[in-house]
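Raw contents of run03.txt, compact mmCIF, C-alpha atoms:
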```txt
# COMPACT_ATOMS: atom_id res chain seq x y z
CA MET A 1 -22.57 3.31 -44.14
CA ASN A 2 -24.88 2.02 -46.86
CA LEU A 3 -23.07 0.68 -49.87
CA ILE A 4 -24.47 -0.84 -53.02
CA ASN A 5 -22.64 -3.77 -54.59
CA ILE A 6 -22.47 -3.17 -58.33
CA GLY A 7 -20.56 -6.28 -59.28
CA PHE A 8 -17.07 -5.20 -58.22
CA SER A 9 -15.40 -5.08 -54.85
CA ILE A 10 -16.84 -2.57 -52.40
CA TYR A 11 -14.28 -0.84 -50.21
CA ARG A 12 -15.21 -0.70 -46.55
CA PRO A 13 -11.96 -0.06 -44.66
CA GLU A 14 -13.37 -1.21 -41.35
CA MET A 15 -14.07 -4.67 -42.79
CA ILE A 16 -10.93 -5.43 -44.83
CA PRO A 17 -7.71 -6.43 -43.06
CA ILE A 18 -4.64 -4.52 -44.28
CA THR A 19 -3.04 -7.65 -45.76
CA GLU A 20 -6.16 -8.28 -47.85
CA LYS A 21 -6.21 -4.63 -48.99
CA ILE A 22 -2.67 -4.96 -50.28
CA MET A 23 -3.31 -8.26 -52.07
CA ASP A 24 -6.61 -7.23 -53.68
CA LYS A 25 -5.79 -5.32 -56.89
CA ARG A 26 -9.40 -5.02 -58.07
CA PRO A 27 -10.98 -1.56 -58.31
CA LYS A 28 -12.84 -0.39 -55.23
CA PHE A 29 -16.10 1.54 -55.33
CA GLN A 30 -17.77 3.73 -52.72
CA ILE A 31 -21.15 5.42 -52.75
CA LYS A 32 -21.85 8.29 -50.36
CA PRO A 33 -24.75 10.73 -50.44
CA GLY A 34 -24.47 12.51 -53.77
CA ARG A 35 -20.98 11.12 -54.55
CA PHE A 36 -19.49 8.06 -56.21
CA SER A 37 -15.83 6.99 -55.85
CA VAL A 38 -13.59 4.57 -57.68
CA GLY A 39 -10.17 3.64 -56.36
CA MET A 40 -7.21 1.28 -56.55
CA ILE A 41 -4.32 0.09 -54.43
CA MET A 42 -1.07 1.81 -55.32
CA GLU A 43 2.11 -0.07 -54.45
CA ALA A 44 3.88 3.17 -53.69
CA GLY A 45 3.97 5.51 -50.76
CA PRO A 46 1.30 8.18 -50.37
CA ILE A 47 3.91 10.94 -50.91
CA ASP A 48 4.95 9.45 -54.26
CA VAL A 49 1.36 9.12 -55.44
CA TRP A 50 0.62 12.67 -54.23
CA ARG A 51 3.50 14.02 -56.32
CA ILE A 52 2.16 12.29 -59.44
CA ILE A 53 -1.41 13.54 -59.06
CA THR A 54 -0.44 17.12 -58.18
CA ASP A 55 2.27 17.60 -60.84
CA THR A 56 0.47 19.39 -63.69
CA SER A 57 3.25 18.43 -66.12
CA LEU A 58 2.23 14.76 -65.64
CA TRP A 59 -1.54 15.14 -66.03
CA PRO A 60 -1.46 14.40 -69.79
CA GLU A 61 0.44 11.18 -69.06
CA TRP A 62 -2.23 9.75 -66.77
CA GLY A 63 -5.39 11.69 -67.61
CA PRO A 64 -7.11 10.05 -70.61
CA SER A 65 -9.12 13.21 -71.35
CA VAL A 66 -6.18 15.66 -70.95
CA LEU A 67 -3.87 16.55 -73.86
CA ASP A 68 -2.19 19.60 -72.36
CA VAL A 69 -2.17 21.71 -69.19
CA LYS A 70 -1.41 25.38 -68.74
CA CYS A 71 -0.85 26.40 -65.12
CA ASN A 72 1.61 28.74 -63.42
CA ASP A 73 2.03 26.15 -60.64
CA ARG A 74 3.75 22.92 -61.65
CA PHE A 75 2.54 21.39 -58.37
CA ILE A 76 -0.96 22.56 -57.60
CA LEU A 77 -1.82 24.68 -54.60
CA TYR A 78 -5.16 25.68 -53.16
CA GLY A 79 -6.55 28.23 -55.61
CA SER A 80 -4.25 27.28 -58.51
CA LYS A 81 -5.85 28.22 -61.82
CA GLY A 82 -5.15 27.13 -65.35
CA SER A 83 -6.63 25.35 -68.31
CA VAL A 84 -6.68 21.84 -69.70
CA ARG A 85 -6.89 21.07 -73.40
CA THR A 86 -9.12 18.06 -73.83
CA VAL A 87 -8.90 15.17 -76.27
CA VAL A 88 -11.87 16.61 -78.15
CA GLY A 89 -9.83 19.72 -78.89
CA PHE A 90 -11.23 22.47 -76.68
CA SER A 91 -9.74 23.99 -73.55
CA LEU A 92 -11.49 24.35 -70.21
CA SER A 93 -10.43 26.54 -67.32
CA PHE A 94 -9.88 24.95 -63.93
CA THR A 95 -9.49 26.08 -60.33
CA ILE A 96 -8.25 23.96 -57.42
CA THR A 97 -11.13 24.40 -54.95
CA SER A 98 -9.89 22.25 -52.07
CA LEU A 99 -6.50 20.90 -51.05
CA LYS A 100 -5.45 18.90 -47.99
CA LYS A 101 -1.72 18.32 -48.44
CA GLU A 102 -0.79 14.73 -49.27
CA ARG A 103 -4.40 13.61 -48.78
CA GLU A 104 -6.93 15.17 -51.15
CA TRP A 105 -7.61 17.80 -53.79
CA ARG A 106 -10.69 18.82 -55.73
CA TRP A 107 -11.20 21.06 -58.67
CA ALA A 108 -13.81 22.87 -60.71
CA VAL A 109 -13.44 22.47 -64.47
CA GLY A 110 -15.26 24.87 -66.75
CA GLY A 111 -16.93 26.27 -63.64
CA VAL A 112 -18.40 22.86 -62.65
CA ASN A 113 -17.27 21.00 -59.51
CA ALA A 114 -15.52 17.98 -60.96
CA THR A 115 -13.49 15.08 -59.57
CA GLY A 116 -11.83 14.85 -56.21
CA HIS A 117 -8.54 12.99 -55.83
CA ARG A 118 -8.16 11.27 -52.45
CA ILE A 119 -5.29 9.23 -50.98
CA ILE A 120 -5.77 6.81 -48.10
CA PRO A 121 -2.38 5.78 -46.66
CA ILE A 122 -1.99 2.11 -45.78
CA ASN A 123 1.70 2.26 -44.86
CA ALA A 124 4.88 4.00 -46.09
CA ASP A 125 4.97 1.79 -49.20
CA CYS A 126 1.31 1.46 -50.08
CA CYS A 127 -1.84 3.55 -50.33
CA MET A 128 -5.21 3.70 -52.01
CA LEU A 129 -6.06 6.38 -54.53
CA PHE A 130 -9.70 7.28 -55.08
CA PHE A 131 -11.34 9.57 -57.63
CA ASP A 132 -14.58 11.04 -56.30
CA MET A 133 -17.31 12.43 -58.53
CA PRO A 134 -20.91 13.56 -58.34
CA ILE A 135 -23.41 10.72 -58.76
CA TRP A 136 -24.55 12.15 -62.11
CA ALA A 137 -20.98 11.64 -63.41
CA ILE A 138 -20.81 7.85 -62.74
CA PRO A 139 -20.12 7.12 -66.44
CA TYR A 140 -16.90 9.14 -66.03
CA SER A 141 -15.68 6.46 -63.61
CA ILE A 142 -14.59 4.44 -66.66
CA ILE A 143 -12.16 7.25 -67.55
CA CYS A 144 -11.06 7.34 -63.90
CA LEU A 145 -10.28 3.60 -63.96
CA VAL A 146 -8.00 4.14 -66.96
CA ALA A 147 -6.35 7.05 -65.12
CA LEU A 148 -5.84 4.96 -61.97
CA ASN A 149 -4.10 2.23 -63.98
CA ARG A 150 -1.90 4.82 -65.69
CA ILE A 151 -0.99 6.40 -62.35
CA ARG A 152 -0.09 2.99 -60.94
CA LYS A 153 2.25 2.34 -63.89
CA LEU A 154 3.65 5.88 -63.90
CA VAL A 155 4.57 5.98 -60.21
CA ASN A 156 6.20 2.56 -60.48
CA SER A 157 8.22 3.56 -63.56
CA ILE A 158 9.38 6.82 -61.93
CA LEU A 159 10.45 5.02 -58.76
CA LYS A 160 12.25 2.36 -60.79
CA ARG A 161 13.90 4.97 -63.06
CA ASP A 162 15.18 6.91 -60.06
CA GLY A 163 16.28 3.76 -58.24
CA LYS A 164 14.09 4.53 -55.23
CA PRO A 165 12.49 1.84 -53.12
CA PRO A 166 8.73 2.24 -52.64
CA GLY A 167 7.89 4.80 -49.98
CA GLU A 168 11.09 6.79 -50.50
CA SER A 169 10.06 10.00 -52.22
CA PHE A 170 11.46 10.65 -55.69
CA PRO A 171 13.37 13.87 -56.36
CA ASN A 172 11.90 17.14 -57.67
```
Encoded form using structure tokens:
Amino acid sequence: MNLINIGFSIYRPEMIPITEKIMDKRPKFQIKPGRFSVGMIMEAGPIDVWRIITDTSLWPEWGPSVLDVKCNDRFILYGSKGSVRTVVGFSLSFTITSLKKEREWRWAVGGVNATGHRIIPINADCCMLFFDMPIWAIPYSIICLVALNRIRKLVNSILKRDGKPPGESFPN
């Protein structure tokens, strides 16, 4: 796997011991043919993080470019369709183009293949969340970093609010 160091930590799971993964809070970057990924450690179980990123009612809370979402499915499914109203005021249609339950989902926004959302479980109480994008969209990774930080805070506040220890799924 060829990776380019761009001044931040580069995530290579085969080289980082689990204890170091958990301690290292810096953003992680991956480059694959035609794709760029940015990710962070989430101190919450993969199921909890999955619920946050698939709950369309929460997208405006963590998505810096999303003001509102219209979708018949509160929790996305493969093929879910809807629209997002952006911070610049216009709405774009979306379709969920790929979904691997509790692991990954991708969407097309305005007819263009957009970000992927990928979870890598570390253990029941910890995982990594990555946003994948086409190489041409690397500048969007700044927005993704803001979203990752918001997701980290959101999942922790929901778990705390509901009195759930990390890894124990919060209620519907």
Legend entry - Residues within 7 Å of Gly82 in chain A, all atoms listed in the file, excluding chain neighbours under 6 positions, as a PyMOL selection string: chain A and resi 70-71+93-95
Just want the 12 Å neighbourhood of Ser91 in chain A, counted on only C-alpha atoms, with same-chain residues fewer than 3 positions away dropped. Output as a CSV table (one decimal) with C-alpha atoms, in the coordinates of the input.
```
chain,number,residue,atom,x,y,z
A,65,SER,CA,-9.1,13.2,-71.4
A,66,VAL,CA,-6.2,15.7,-71.0
A,67,LEU,CA,-3.9,16.6,-73.9
A,68,ASP,CA,-2.2,19.6,-72.4
A,69,VAL,CA,-2.2,21.7,-69.2
A,70,LYS,CA,-1.4,25.4,-68.7
A,82,GLY,CA,-5.2,27.1,-65.4
A,83,SER,CA,-6.6,25.4,-68.3
A,84,VAL,CA,-6.7,21.8,-69.7
A,85,ARG,CA,-6.9,21.1,-73.4
A,86,THR,CA,-9.1,18.1,-73.8
A,87,VAL,CA,-8.9,15.2,-76.3
A,88,VAL,CA,-11.9,16.6,-78.2
A,94,PHE,CA,-9.9,25.0,-63.9
A,109,VAL,CA,-13.4,22.5,-64.5
A,110,GLY,CA,-15.3,24.9,-66.8
```
Using only C-alpha atoms, find each residue of range 61-154 of chain A with at least one atom at most 6 Å away from an atom of range 34-39 of chain A; report its shortest atom-to-atom pair and that distance in Å (one decimal), sort the rows by chain and rising residue number, and return the result as JSON lines.
```
{"residue": "A:Leu129", "atom": "CA", "partner": "A:Gly39", "partner_atom": "CA", "distance": 5.3}
{"residue": "A:Phe130", "atom": "CA", "partner": "A:Gly39", "partner_atom": "CA", "distance": 3.9}
{"residue": "A:Phe131", "atom": "CA", "partner": "A:Ser37", "partner_atom": "CA", "distance": 5.5}
{"residue": "A:Asp132", "atom": "CA", "partner": "A:Ser37", "partner_atom": "CA", "distance": 4.3}
{"residue": "A:Met133", "atom": "CA", "partner": "A:Phe36", "partner_atom": "CA", "distance": 5.4}
{"residue": "A:Pro134", "atom": "CA", "partner": "A:Arg35", "partner_atom": "CA", "distance": 4.5}
{"residue": "A:Ile135", "atom": "CA", "partner": "A:Arg35", "partner_atom": "CA", "distance": 4.9}
```
Inset, instruction - Take CA of Met42 in chain A and CA of Leu58 in chain A and report the distance between them in Å, one decimal. - result: 16.9 Å
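Ranking A:Arg51, A:Arg74, A:Lys81, A:Arg103 by their shortest atom-to-atom distance to Leu154 in chain A, with only C-alpha atoms included, puts A:Arg51 first.
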Inset, instruction - Give me, please, the distance in Å between CA of Ile143 in chain A and CA of Cys126 in chain A, quoted to one decimal. - result: 22.8 Å
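Between Arg150 in chain A and the residues A:Ala137, A:Met40, A:Val112, A:Ile119, the shortest atom-to-atom distance, using only C-alpha atoms, involves A:Met40.
Separating CA of Ile122 in chain A from CA of Ala44 in chain A is a distance of 9.9 Å.
Distances here use only C-alpha atoms; by that measure, the residue among A:Pro33, A:Leu148, A:Glu104, A:Pro139 closest to Ile120 in chain A is A:Glu104.
Using all atoms listed in the file, the smallest distance between any of A:Ile142, A:Asp55, A:Asp125, A:Arg106 and Pro27 in chain A comes from A:Ile142.
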